>>> print(open('protein.txt').read())   # compact mmCIF, C-alpha atoms
# COMPACT_ATOMS: atom_id res chain seq x y z
CA MET S 8 -32.66 -5.92 3.89
CA MET S 9 -32.57 -9.51 5.17
CA ILE S 10 -29.00 -10.14 4.05
CA LEU S 11 -27.78 -7.12 6.02
CA PHE S 12 -29.67 -8.34 9.10
CA LEU S 13 -28.02 -11.77 8.81
CA TYR S 14 -24.63 -10.13 8.27
CA ASN S 15 -25.01 -8.07 11.47
CA VAL S 16 -26.14 -11.09 13.47
CA ALA S 17 -23.09 -13.05 12.29
CA LEU S 18 -20.86 -10.04 12.98
CA MET S 19 -22.09 -9.63 16.54
CA LEU S 20 -21.81 -13.36 17.26
CA GLY S 21 -18.27 -13.30 15.90
CA LEU S 22 -17.37 -10.35 18.13
CA LEU S 23 -18.83 -12.04 21.20
CA VAL S 24 -16.97 -15.29 20.59
CA SER S 25 -13.66 -13.55 19.87
CA ALA S 26 -14.00 -10.90 22.62
CA PRO S 27 -11.61 -12.64 25.08
CA TRP S 28 -8.90 -12.82 22.41
CA TRP S 29 -9.34 -9.13 21.48
CA LEU S 30 -9.34 -8.06 25.13
CA LEU S 31 -6.12 -9.97 25.75
CA ARG S 32 -4.50 -8.42 22.69
CA MET S 33 -5.55 -4.93 23.73
CA ALA S 34 -4.23 -5.47 27.25
CA THR S 35 -0.83 -6.68 26.06
CA THR S 36 -0.20 -4.98 22.70
CA GLN S 37 -0.22 -1.25 22.03
CA LYS S 38 -1.15 -1.51 18.36
CA TYR S 39 -4.52 -3.10 19.25
CA ARG S 40 -5.37 -0.20 21.57
CA GLU S 41 -4.32 2.56 19.24
CA GLY S 42 -7.28 4.29 17.61
CA LEU S 43 -9.78 2.05 19.39
CA LEU S 44 -12.16 4.87 20.28
CA GLU S 45 -12.22 6.10 16.69
CA ARG S 46 -12.82 2.56 15.44
CA LEU S 47 -15.77 2.24 17.81
CA GLY S 48 -17.37 5.48 16.64
CA TRP S 49 -15.79 8.35 18.57
CA ALA S 50 -15.89 10.77 15.67
CA ARG S 51 -13.73 13.80 16.26
CA GLY S 52 -14.46 16.88 14.23
CA LEU S 53 -12.02 17.80 11.48
CA GLN S 54 -11.58 21.50 12.15
CA ALA S 55 -9.15 21.88 9.27
CA ALA S 56 -12.08 21.41 6.90
CA GLN S 57 -13.17 24.96 7.80
CA GLY S 58 -16.72 24.36 6.67
CA ARG S 59 -15.84 22.79 3.32
CA PRO S 60 -17.69 19.64 2.23
CA VAL S 61 -15.66 16.50 2.83
CA ILE S 62 -14.47 13.82 0.44
CA TRP S 63 -13.81 10.79 2.65
CA LEU S 64 -11.07 8.60 1.14
CA HIS S 65 -10.35 5.23 2.77
CA ALA S 66 -6.98 3.50 2.26
CA VAL S 67 -6.45 0.35 4.32
CA SER S 68 -2.71 0.18 4.90
CA VAL S 69 0.71 1.33 3.69
CA GLY S 70 0.29 0.04 0.14
CA GLU S 71 -3.04 1.79 -0.39
CA VAL S 72 -1.82 5.00 1.25
CA LEU S 73 1.12 5.07 -1.14
CA ALA S 74 -1.17 4.32 -4.08
CA VAL S 75 -3.52 7.24 -3.35
CA SER S 76 -0.85 9.77 -2.37
CA ARG S 77 -0.72 11.31 -5.85
CA LEU S 78 -4.53 11.21 -6.06
CA VAL S 79 -4.89 13.15 -2.80
CA ALA S 80 -2.48 15.81 -4.06
CA GLU S 81 -4.39 16.14 -7.34
CA LEU S 82 -7.76 16.36 -5.58
CA ASP S 83 -6.38 19.08 -3.30
CA ALA S 84 -5.24 21.01 -6.37
CA CYS S 85 -8.29 20.45 -8.59
CA LEU S 86 -11.02 20.63 -5.93
CA PRO S 87 -9.92 23.26 -3.40
CA GLU S 88 -13.54 23.83 -2.40
CA TYR S 89 -13.54 20.31 -0.89
CA PHE S 90 -11.61 18.86 2.05
CA VAL S 91 -10.11 15.41 1.54
CA ALA S 92 -10.11 13.36 4.75
CA ILE S 93 -8.24 10.05 4.83
CA SER S 94 -8.97 6.99 6.97
CA THR S 95 -6.83 3.88 7.37
CA THR S 96 -7.29 0.53 9.07
CA THR S 97 -3.75 -0.44 10.10
CA ARG S 98 -1.38 1.30 12.48
CA THR S 99 1.42 1.52 9.90
CA GLY S 100 -0.99 2.94 7.35
CA GLN S 101 -2.10 5.54 9.90
CA GLN S 102 1.49 6.57 10.63
CA LEU S 103 2.37 6.95 6.97
CA ALA S 104 -0.85 8.81 6.17
CA ARG S 105 -0.20 11.29 8.98
CA GLU S 106 3.31 11.87 7.66
CA ARG S 107 2.16 12.30 4.05
CA PHE S 108 -1.09 14.20 4.48
CA GLY S 109 -0.90 15.75 7.95
CA PRO S 110 -2.57 14.55 11.17
CA ASP S 111 -5.41 17.08 10.95
CA ARG S 112 -7.22 15.04 8.29
CA VAL S 113 -6.29 11.44 9.04
CA PHE S 114 -8.26 9.07 11.29
CA TYR S 115 -8.92 5.39 11.90
CA CYS S 116 -11.76 3.93 9.86
CA PRO S 117 -14.66 2.82 12.04
CA LEU S 118 -15.36 -0.86 12.40
CA ASP S 119 -18.31 -1.96 10.28
CA LEU S 120 -20.69 -1.62 13.23
CA TRP S 121 -23.84 0.35 12.48
CA TRP S 122 -23.43 2.80 15.37
CA ALA S 123 -19.75 3.48 14.60
CA VAL S 124 -20.46 4.03 10.92
CA ARG S 125 -23.41 6.31 11.71
CA SER S 126 -21.33 8.39 14.11
CA TRP S 127 -18.62 9.10 11.54
CA LEU S 128 -21.08 9.84 8.75
CA GLN S 129 -22.89 12.32 10.99
CA ALA S 130 -19.61 13.98 11.95
CA LEU S 131 -18.13 14.18 8.45
CA ARG S 132 -21.32 14.57 6.40
CA PRO S 133 -19.26 13.56 3.35
CA ALA S 134 -20.16 14.65 -0.13
CA MET S 135 -18.53 11.44 -1.38
CA LEU S 136 -16.90 8.25 -0.07
CA VAL S 137 -13.91 6.98 -2.05
CA LEU S 138 -12.68 3.45 -1.34
CA ALA S 139 -9.21 2.39 -2.48
CA GLU S 140 -9.00 -1.05 -4.08
CA THR S 141 -11.66 -3.45 -2.65
CA GLU S 142 -12.76 -2.31 0.79
CA PHE S 143 -16.39 -3.40 0.78
CA TRP S 144 -18.16 -3.12 4.16
CA PRO S 145 -21.93 -3.80 4.10
CA ASN S 146 -22.98 -1.45 6.92
CA LEU S 147 -20.88 1.40 5.54
CA LEU S 148 -22.16 0.91 2.00
CA GLU S 149 -25.78 0.65 3.16
CA ALA S 150 -25.53 3.74 5.37
CA CYS S 151 -24.08 5.79 2.52
CA TYR S 152 -26.82 4.59 0.17
CA LYS S 153 -29.57 5.61 2.59
CA ARG S 154 -28.03 9.07 2.98
CA GLY S 155 -27.56 9.59 -0.73
CA ILE S 156 -23.78 9.68 -0.45
CA PRO S 157 -22.12 8.52 -3.69
CA VAL S 158 -19.57 5.75 -3.19
CA VAL S 159 -16.71 5.30 -5.64
CA VAL S 160 -14.17 2.49 -5.70
CA VAL S 161 -10.85 3.59 -7.21
CA ASN S 162 -7.90 1.44 -8.23
CA ALA S 163 -10.29 -1.47 -7.86
CA ARG S 164 -8.89 -4.95 -8.11
CA ILE S 165 -9.59 -8.51 -7.03
CA SER S 166 -6.48 -10.64 -6.79
CA ASP S 167 -6.26 -14.30 -7.73
CA ARG S 168 -5.93 -15.14 -4.05
CA SER S 169 -9.06 -13.26 -2.94
CA TRP S 170 -11.22 -14.03 -5.99
CA PRO S 171 -12.48 -17.46 -4.76
CA ARG S 172 -13.56 -15.92 -1.45
CA TYR S 173 -15.41 -13.08 -3.13
CA TRP S 174 -17.07 -15.51 -5.53
CA ARG S 175 -18.33 -17.72 -2.72
CA LEU S 176 -19.87 -14.67 -1.05
CA ARG S 177 -21.24 -13.09 -4.24
CA ARG S 178 -24.84 -13.23 -2.95
CA LEU S 179 -23.76 -11.10 0.00
CA TRP S 180 -21.96 -8.53 -2.16
CA ARG S 181 -24.37 -8.21 -5.08
CA PRO S 182 -27.06 -6.05 -3.34
CA PHE S 183 -24.40 -3.59 -2.20
CA LEU S 184 -22.20 -3.50 -5.31
CA THR S 185 -25.12 -2.69 -7.59
CA ARG S 186 -25.52 0.57 -5.65
CA LEU S 187 -21.96 1.83 -6.13
CA SER S 188 -21.90 5.12 -8.01
CA ALA S 189 -18.73 4.26 -9.93
CA VAL S 190 -16.04 1.59 -9.98
CA LEU S 191 -12.68 2.35 -11.60
CA ALA S 192 -10.87 -0.94 -12.15
CA GLN S 193 -7.14 -1.43 -12.65
CA THR S 194 -7.41 -3.95 -15.51
CA ASP S 195 -9.92 -5.66 -17.79
CA LEU S 196 -9.57 -8.80 -15.67
CA ASP S 197 -10.51 -6.89 -12.52
CA ALA S 198 -13.45 -5.29 -14.34
CA GLY S 199 -14.72 -8.71 -15.42
CA ARG S 200 -14.54 -10.09 -11.90
CA LEU S 201 -16.29 -7.06 -10.43
CA THR S 202 -19.04 -7.36 -13.02
CA ALA S 203 -19.50 -11.02 -12.10
CA LEU S 204 -19.90 -10.02 -8.45
CA GLY S 205 -22.64 -7.53 -9.23
CA CYS S 206 -21.15 -4.17 -10.22
CA SER S 207 -23.28 -2.40 -12.82
CA LEU S 208 -21.68 -2.33 -16.27
CA ASP S 209 -22.75 1.25 -16.89
CA ARG S 210 -20.90 2.39 -13.75
CA LEU S 211 -17.74 0.37 -14.31
CA SER S 212 -14.66 1.46 -16.26
CA VAL S 213 -10.99 0.59 -16.52
CA SER S 214 -8.84 3.54 -15.46
CA GLY S 215 -5.47 1.86 -14.90
CA ASN S 216 -3.36 1.49 -11.79
CA LEU S 217 -2.76 4.53 -9.59
CA LYS S 218 0.57 3.06 -8.51
CA PHE S 219 2.06 3.87 -11.92
CA ASP S 220 1.58 7.55 -11.10
CA VAL S 221 3.18 7.49 -7.65
CA ARG S 222 6.60 9.08 -7.82
CA VAL S 223 8.95 9.82 -4.99
CA GLY S 224 8.86 13.54 -4.34
CA GLU S 225 11.27 14.82 -1.76
CA GLU S 226 14.19 12.56 -0.93
CA ALA S 227 14.12 10.95 2.49
CA ALA S 228 16.79 12.08 4.92
CA ILE S 229 18.32 8.61 4.98
CA THR S 230 18.69 8.64 1.19
CA ARG S 231 20.77 11.82 1.32
CA GLN S 232 22.80 10.38 4.18
CA LEU S 233 23.45 7.07 2.46
CA ARG S 234 24.52 8.81 -0.72
CA ILE S 235 27.41 10.28 1.30
CA LEU S 236 28.16 7.47 3.75
CA ALA S 237 27.98 4.70 1.13
CA SER S 238 30.02 6.55 -1.48
CA GLY S 239 32.15 4.08 -3.42
CA HIS S 240 29.85 1.14 -2.67
CA ARG S 241 27.21 -0.57 -4.75
CA LEU S 242 23.98 -1.04 -2.79
CA ILE S 243 21.55 -3.92 -2.82
CA VAL S 244 18.20 -2.69 -1.47
CA ALA S 245 15.95 -5.47 -0.20
CA GLY S 246 12.53 -4.01 0.57
CA SER S 247 9.33 -5.22 2.25
CA THR S 248 10.90 -8.50 3.35
CA LEU S 249 8.95 -11.10 5.32
CA ASP S 250 9.96 -13.87 7.67
CA GLY S 251 12.26 -16.29 5.85
CA GLU S 252 13.42 -13.81 3.24
CA GLU S 253 16.04 -12.15 5.42
CA GLU S 254 17.54 -15.60 5.95
CA ALA S 255 17.69 -16.19 2.19
CA LEU S 256 19.44 -12.85 1.73
CA LEU S 257 21.96 -13.61 4.47
CA GLN S 258 22.71 -16.98 2.91
CA ALA S 259 23.27 -15.31 -0.46
CA TRP S 260 25.37 -12.47 0.98
CA PRO S 261 28.79 -14.28 0.98
CA HIS S 262 28.34 -15.23 -2.70
CA LEU S 263 27.45 -11.63 -3.61
CA LEU S 264 30.45 -10.28 -1.69
CA SER S 265 32.68 -12.67 -3.61
CA ILE S 266 31.46 -10.95 -6.79
CA ASP S 267 31.91 -7.43 -5.41
CA PRO S 268 33.50 -7.03 -1.94
CA ALA S 269 32.44 -3.36 -1.89
CA LEU S 270 28.74 -4.19 -1.72
CA ALA S 271 26.43 -3.02 1.08
CA LEU S 272 22.91 -4.23 1.81
CA ILE S 273 19.95 -2.08 2.86
CA LEU S 274 17.43 -4.39 4.49
CA ALA S 275 13.87 -3.12 5.04
CA PRO S 276 11.44 -5.54 6.74
CA ARG S 277 7.81 -5.05 5.75
CA HIS S 278 6.35 -4.90 9.27
CA PRO S 279 7.75 -2.68 12.05
CA GLU S 280 6.92 -5.29 14.69
CA ARG S 281 9.59 -7.50 13.10
CA PHE S 282 12.40 -4.95 13.38
CA GLU S 283 13.67 -6.43 16.65
CA ALA S 284 13.55 -10.02 15.42
CA VAL S 285 15.53 -9.08 12.30
CA ALA S 286 17.99 -7.08 14.41
CA ASN S 287 18.55 -10.14 16.60
CA ARG S 288 19.20 -12.26 13.52
CA LEU S 289 21.71 -9.73 12.19
CA GLN S 290 23.40 -9.64 15.59
CA SER S 291 24.01 -13.38 15.36
CA SER S 292 25.38 -13.13 11.81
CA PRO S 293 29.09 -12.65 10.98
CA PHE S 294 28.42 -9.47 9.02
CA PRO S 295 28.82 -5.88 10.22
CA TRP S 296 25.48 -4.14 10.56
CA ARG S 297 23.75 -1.11 12.03
CA ARG S 298 20.27 0.34 12.45
CA ARG S 299 19.05 3.24 10.37
CA SER S 300 17.68 4.75 13.60
CA SER S 301 21.23 5.07 14.99
CA MET S 302 22.75 6.75 11.94
CA ALA S 303 21.78 10.32 12.78
CA ALA S 304 23.75 10.15 16.03
CA HIS S 305 26.57 8.01 14.60
CA PRO S 306 27.08 8.86 10.91
CA GLU S 307 30.14 6.72 10.23
CA PRO S 308 30.88 5.67 6.63
CA ILE S 309 29.36 2.40 5.49
CA ALA S 310 31.86 -0.47 5.51
CA SER S 311 32.24 -3.03 2.72
CA GLY S 312 29.84 -5.89 3.32
CA GLU S 313 27.83 -3.95 5.90
CA ILE S 314 24.08 -4.38 6.33
CA VAL S 315 21.85 -1.43 7.26
CA LEU S 316 18.54 -2.34 8.90
CA LEU S 317 16.02 0.23 7.67
CA ASP S 318 13.93 0.34 10.86
CA SER S 319 11.70 3.20 9.73
CA ILE S 320 8.43 3.75 7.88
CA GLY S 321 7.97 5.60 4.60
CA GLU S 322 11.63 5.87 3.54
CA LEU S 323 12.09 2.72 1.49
CA ALA S 324 10.65 4.12 -1.76
CA SER S 325 13.22 6.91 -1.75
CA VAL S 326 16.14 4.62 -0.82
CA TYR S 327 15.45 2.43 -3.87
CA ALA S 328 16.91 5.25 -5.98
CA LEU S 329 20.38 4.33 -4.70
CA ALA S 330 20.17 0.64 -5.55
CA SER S 331 22.30 -1.16 -8.11
CA VAL S 332 19.83 -4.05 -7.75
CA ALA S 333 16.56 -4.17 -5.82
CA PHE S 334 14.91 -7.23 -4.29
CA VAL S 335 11.20 -6.76 -3.58
CA GLY S 336 9.99 -9.01 -0.80
CA GLY S 337 6.87 -10.91 0.11
CA SER S 338 7.65 -12.93 -3.02
CA LEU S 339 9.97 -15.75 -1.93
CA VAL S 340 7.27 -16.86 0.52
CA PRO S 341 3.59 -17.38 -0.39
CA SER S 342 2.42 -13.91 0.59
CA GLY S 343 1.62 -12.37 -2.80
CA GLY S 344 4.56 -10.00 -3.15
CA HIS S 345 4.90 -6.24 -2.83
CA ASN S 346 5.17 -3.34 -5.24
CA PRO S 347 7.99 -3.61 -7.83
CA LEU S 348 7.17 -0.17 -9.22
CA GLU S 349 8.93 1.58 -6.34
CA PRO S 350 12.39 0.63 -7.67
CA ALA S 351 11.28 0.42 -11.31
CA GLN S 352 10.56 4.15 -11.46
CA PHE S 353 14.29 4.80 -10.94
CA GLY S 354 15.41 2.40 -13.66
CA VAL S 355 16.69 -0.04 -11.04
CA PRO S 356 16.69 -3.73 -12.08
CA VAL S 357 14.17 -5.64 -9.98
CA VAL S 358 14.43 -9.19 -8.62
CA MET S 359 11.41 -10.94 -7.10
CA GLY S 360 10.39 -14.43 -6.08
CA GLU S 361 7.64 -16.44 -7.71
CA HIS S 362 4.82 -15.45 -5.31
CA THR S 363 3.53 -12.24 -6.89
CA ALA S 364 -0.26 -12.72 -6.97
CA ASN S 365 -0.92 -9.35 -5.30
CA PHE S 366 0.79 -7.54 -8.21
CA GLN S 367 0.04 -10.00 -10.98
CA ALA S 368 -0.77 -7.42 -13.65
CA ILE S 369 2.24 -5.22 -12.86
CA VAL S 370 4.64 -8.16 -12.68
CA GLY S 371 3.24 -9.48 -15.95
CA LEU S 372 3.92 -6.18 -17.69
CA LEU S 373 7.44 -5.95 -16.30
CA GLN S 374 8.26 -9.56 -17.15
CA SER S 375 6.95 -9.37 -20.69
CA ALA S 376 9.03 -6.24 -21.28
CA GLY S 377 12.16 -7.80 -19.78
CA GLY S 378 12.05 -5.35 -16.89
CA MET S 379 12.49 -7.75 -13.98
CA VAL S 380 13.96 -11.10 -12.95
CA VAL S 381 11.89 -13.77 -11.18
CA THR S 382 13.76 -16.32 -9.10
CA THR S 383 13.48 -18.73 -6.18
CA SER S 384 14.88 -18.62 -2.66
CA GLY S 385 17.69 -21.02 -3.50
CA GLN S 386 18.66 -19.12 -6.65
CA LEU S 387 18.38 -15.62 -5.20
CA GLY S 388 22.12 -15.09 -4.94
CA GLY S 389 22.65 -16.22 -8.50
CA ALA S 390 19.92 -13.95 -9.89
CA ILE S 391 21.28 -10.86 -8.12
CA GLY S 392 24.86 -11.88 -8.87
CA ASP S 393 24.16 -12.13 -12.62
CA LEU S 394 22.98 -8.52 -12.63
CA LEU S 395 26.00 -7.37 -10.63
CA GLN S 396 28.42 -9.15 -12.95
CA ASN S 397 26.79 -7.97 -16.16
CA PRO S 398 26.37 -4.18 -16.24
CA THR S 399 24.88 -4.31 -19.75
CA LEU S 400 22.18 -6.75 -18.63
CA SER S 401 21.54 -4.74 -15.48
CA GLN S 402 21.11 -1.48 -17.40
CA HIS S 403 18.83 -3.20 -19.93
CA VAL S 404 16.53 -4.64 -17.24
CA GLY S 405 16.41 -1.33 -15.36
CA ARG S 406 15.71 0.68 -18.51
CA LYS S 407 12.86 -1.65 -19.51
CA ALA S 408 11.38 -1.41 -16.02
CA ARG S 409 11.35 2.39 -16.11
CA ARG S 410 9.82 2.39 -19.59
CA VAL S 411 6.90 0.23 -18.39
CA PHE S 412 6.41 2.55 -15.43
CA GLU S 413 6.27 5.63 -17.67
CA GLN S 414 4.08 4.07 -20.37
CA GLN S 415 1.37 3.03 -17.91
CA ALA S 416 0.95 6.46 -16.30
CA GLY S 417 -2.31 8.40 -16.39
CA ALA S 418 -4.66 6.60 -14.00
CA THR S 419 -4.68 9.51 -11.55
CA ALA S 420 -5.88 12.01 -14.14
CA ARG S 421 -8.64 9.64 -15.26
CA THR S 422 -9.69 9.04 -11.66
CA VAL S 423 -9.80 12.75 -10.80
CA HIS S 424 -11.90 13.42 -13.90
CA ALA S 425 -14.39 10.70 -12.93
CA LEU S 426 -14.70 12.02 -9.38
CA GLN S 427 -15.25 15.58 -10.65
CA LYS S 428 -18.07 14.42 -12.93
CA LEU S 429 -19.79 12.57 -10.10
CA LEU S 430 -19.48 15.49 -7.72
CA ALA S 431 -21.00 17.77 -10.34
CA VAL S 432 -24.05 15.49 -10.48
CA HIS S 433 -24.44 14.64 -6.79
CA ASP S 434 -23.19 17.84 -5.19
CA PRO S 435 -23.42 20.57 -7.85
CA ALA S 436 -23.14 23.47 -5.42
CA GLY S 437 -20.25 21.99 -3.45
CA ARG S 438 -22.44 21.29 -0.42
CA GLY S 439 -22.15 18.44 2.05
CA VAL S 440 -24.93 15.90 2.06
CA GLU S 441 -27.59 16.68 4.63
>>> encode(input="protein.txt", output="structure tokens")
Amino acid sequence: MMILFLYNVALMLGLLVSAPWWLLRMATTQKYREGLLERLGWARGLQAAQGRPVIWLHAVSVGEVLAVSRLVAELDACLPEYFVAISTTTRTGQQLARERFGPDRVFYCPLDLWWAVRSWLQALRPAMLVLAETEFWPNLLEACYKRGIPVVVVNARISDRSWPRYWRLRRLWRPFLTRLSAVLAQTDLDAGRLTALGCSLDRLSVSGNLKFDVRVGEEAAITRQLRILASGHRLIVAGSTLDGEEEALLQAWPHLLSIDPALALILAPRHPERFEAVANRLQSSPFPWRRRSSMAAHPEPIASGEIVLLDSIGELASVYALASVAFVGGSLVPSGGHNPLEPAQFGVPVVMGEHTANFQAIVGLLQSAGGMVVTTSGQLGGAIGDLLQNPTLSQHVGRKARRVFEQQAGATARTVHALQKLLAVHDPAGRGVE
């Protein structure tokens, strides 16, 4: 295929040109070295499979890992004759996946280099490849097609921000997307965009958003601890914050304390590499604060006005259950926002900024139902303060948010059913693909 040849030429040229930058990053930063051998094609055997055929599920980062967590559990229960192996791209996604699913079936996804892809396909011999959202890699898709491995895209979506880029490259994607065995889109809008890019209509369906089915199972240790140490306080939980948003929260904090001096703030930056920078900013602020990582050794009660830096991975979703009001970050700055369903499932009123393109459909549902408040950086304190001052309004917004969450459930069951049907056709005896 000429287009694949041109893609590989461009890919190799890009790697050669950027090699000095990557080498410098790997020499100076641990996260660029982690998993490098696996990314380059060192395919370790997954002994836990114990001879069962493999379903390879790829989830890029933390958001996708969280989205497929319920799906993995349901596949384990419904298809015990198969072994679900999970790959991620990012370091934080890898850490969370290992915590959620166990390290014996989690690995770094190979780079889209033909030899790396071939190595992993030979090692796993998957009966099916499942891609979460829109992870389209030409060499991986082509290699699966040649081996007769069905490829399914679940929770598929194309955001407003990425749509122009996909549309410009539609001639690249079309030959590969026509070969997908099934595409399960989140919404009708996503389905229309995927059809325009080349997905076959007879293999495309709208199954809903898996994130509406993700519920916090076991409480995180910090949630149990905060329930005791913060007794008597109302908590504001600010999750997945990005650079600039912590500053907006700190500027709003005196106003919020004037409304309720017994408040405490749980602050959870989105990226672990920013924990130190946020800690330094808190150190220079006039407010008392502590790290979550120090609370096991020093479990003193939370003071009024105190800020807790949640410097951990995978605990935020559980901590939202304690919030009187939740702020979901990535939304005051033009980053597309993060998942408002994590607090909504607990009936917690949600506040977000105006930049919510990554969760447009979810935010639209919540807004139309009156289940969230959208604000700006300068009005953040006022938006949160209104909810604190008006318990009736706060309860109404939280109740509407939870109702939307519950009404939209069911995508996981539809996805599992679709995967079972495909496996019955492509792998009727439960055998791996030769």
>>> closest_residue(input="protein.txt", among="S:Glu149, S:Asp111, S:Asp267, S:Glu88", to="S:His240", atoms="all atoms listed in the file")
S:Asp267
>>> residues_near_point(input="protein.txt", point="(12.2, 5.9, 9.1)", cutoff="8 Å", atoms="all atoms listed in the file", output="VMD selection string")
chain S and resid 229 299 to 300 317 to 322
>>> residues_around(input="protein.txt", residues="S:Gln102", least_positions_apart="6", cutoff="12 Å", atoms="only C-alpha atoms", output="MDAnalysis selection string")
chainID S and resid 38 41:42 67:69 72:73 93:96 108:110 113:115 279 319:321
>>> residues_around(input="protein.txt", residues="S:Glu254", least_positions_apart="5", cutoff="10 Å", atoms="only C-alpha atoms", output="ChimeraX atom specification")
/S:249,259-260,285,288-289,384
>>> atom_distance(input="protein.txt", atom1="atom CA of S:Asn146", atom2="atom CA of S:Gln57")
28.2 Å
>>> decode(input="protein.txt", residues="stretch 233-251 of chain S", atoms="N, CA and C atoms", output="PDB file, in the first residue's frame")
ATOM      1  N   LEU S 233      -9.661  11.013  55.342  1.00  0.00           N
ATOM      2  CA  LEU S 233     -10.202  12.370  55.335  1.00  0.00           C
ATOM      3  C   LEU S 233     -11.570  12.439  55.995  1.00  0.00           C
ATOM      4  N   ARG S 234     -12.346  11.388  55.870  1.00  0.00           N
ATOM      5  CA  ARG S 234     -13.664  11.381  56.499  1.00  0.00           C
ATOM      6  C   ARG S 234     -13.538  11.564  58.020  1.00  0.00           C
ATOM      7  N   ILE S 235     -12.456  11.065  58.581  1.00  0.00           N
ATOM      8  CA  ILE S 235     -12.210  11.209  60.020  1.00  0.00           C
ATOM      9  C   ILE S 235     -11.508  12.531  60.326  1.00  0.00           C
ATOM     10  N   LEU S 236     -10.416  12.803  59.604  1.00  0.00           N
ATOM     11  CA  LEU S 236      -9.589  13.969  59.929  1.00  0.00           C
ATOM     12  C   LEU S 236     -10.267  15.284  59.567  1.00  0.00           C
ATOM     13  N   ALA S 237     -11.173  15.276  58.597  1.00  0.00           N
ATOM     14  CA  ALA S 237     -11.854  16.503  58.182  1.00  0.00           C
ATOM     15  C   ALA S 237     -13.266  16.583  58.734  1.00  0.00           C
ATOM     16  N   SER S 238     -13.558  15.790  59.736  1.00  0.00           N
ATOM     17  CA  SER S 238     -14.890  15.807  60.342  1.00  0.00           C
ATOM     18  C   SER S 238     -15.222  17.215  60.839  1.00  0.00           C
ATOM     19  N   GLY S 239     -16.422  17.687  60.485  1.00  0.00           N
ATOM     20  CA  GLY S 239     -16.821  19.027  60.899  1.00  0.00           C
ATOM     21  C   GLY S 239     -16.490  20.098  59.870  1.00  0.00           C
ATOM     22  N   HIS S 240     -15.810  19.719  58.803  1.00  0.00           N
ATOM     23  CA  HIS S 240     -15.462  20.676  57.744  1.00  0.00           C
ATOM     24  C   HIS S 240     -16.232  20.341  56.462  1.00  0.00           C
ATOM     25  N   ARG S 241     -16.513  21.390  55.692  1.00  0.00           N
ATOM     26  CA  ARG S 241     -16.983  21.165  54.328  1.00  0.00           C
ATOM     27  C   ARG S 241     -15.764  21.190  53.399  1.00  0.00           C
ATOM     28  N   LEU S 242     -15.733  20.259  52.445  1.00  0.00           N
ATOM     29  CA  LEU S 242     -14.571  20.131  51.560  1.00  0.00           C
ATOM     30  C   LEU S 242     -14.905  20.616  50.161  1.00  0.00           C
ATOM     31  N   ILE S 243     -13.976  21.393  49.614  1.00  0.00           N
ATOM     32  CA  ILE S 243     -13.972  21.686  48.186  1.00  0.00           C
ATOM     33  C   ILE S 243     -12.910  20.773  47.576  1.00  0.00           C
ATOM     34  N   VAL S 244     -13.293  19.974  46.603  1.00  0.00           N
ATOM     35  CA  VAL S 244     -12.331  19.092  45.931  1.00  0.00           C
ATOM     36  C   VAL S 244     -12.099  19.635  44.529  1.00  0.00           C
ATOM     37  N   ALA S 245     -10.869  20.054  44.277  1.00  0.00           N
ATOM     38  CA  ALA S 245     -10.484  20.585  42.964  1.00  0.00           C
ATOM     39  C   ALA S 245      -9.601  19.555  42.287  1.00  0.00           C
ATOM     40  N   GLY S 246     -10.125  18.902  41.252  1.00  0.00           N
ATOM     41  CA  GLY S 246      -9.432  17.773  40.649  1.00  0.00           C
ATOM     42  C   GLY S 246      -8.917  18.052  39.254  1.00  0.00           C
ATOM     43  N   SER S 247      -7.810  17.377  38.908  1.00  0.00           N
ATOM     44  CA  SER S 247      -7.226  17.419  37.563  1.00  0.00           C
ATOM     45  C   SER S 247      -6.872  18.843  37.139  1.00  0.00           C
ATOM     46  N   THR S 248      -6.323  19.612  38.073  1.00  0.00           N
ATOM     47  CA  THR S 248      -5.998  21.011  37.776  1.00  0.00           C
ATOM     48  C   THR S 248      -4.718  21.119  36.945  1.00  0.00           C
ATOM     49  N   LEU S 249      -4.678  22.158  36.119  1.00  0.00           N
ATOM     50  CA  LEU S 249      -3.522  22.443  35.275  1.00  0.00           C
ATOM     51  C   LEU S 249      -2.902  23.776  35.676  1.00  0.00           C
ATOM     52  N   ASP S 250      -1.769  24.059  35.090  1.00  0.00           N
ATOM     53  CA  ASP S 250      -1.038  25.282  35.408  1.00  0.00           C
ATOM     54  C   ASP S 250      -1.932  26.503  35.200  1.00  0.00           C
ATOM     55  N   GLY S 251      -2.025  27.344  36.207  1.00  0.00           N
ATOM     56  CA  GLY S 251      -2.881  28.526  36.161  1.00  0.00           C
ATOM     57  C   GLY S 251      -4.151  28.344  36.954  1.00  0.00           C
TER      58      GLY S 251
END
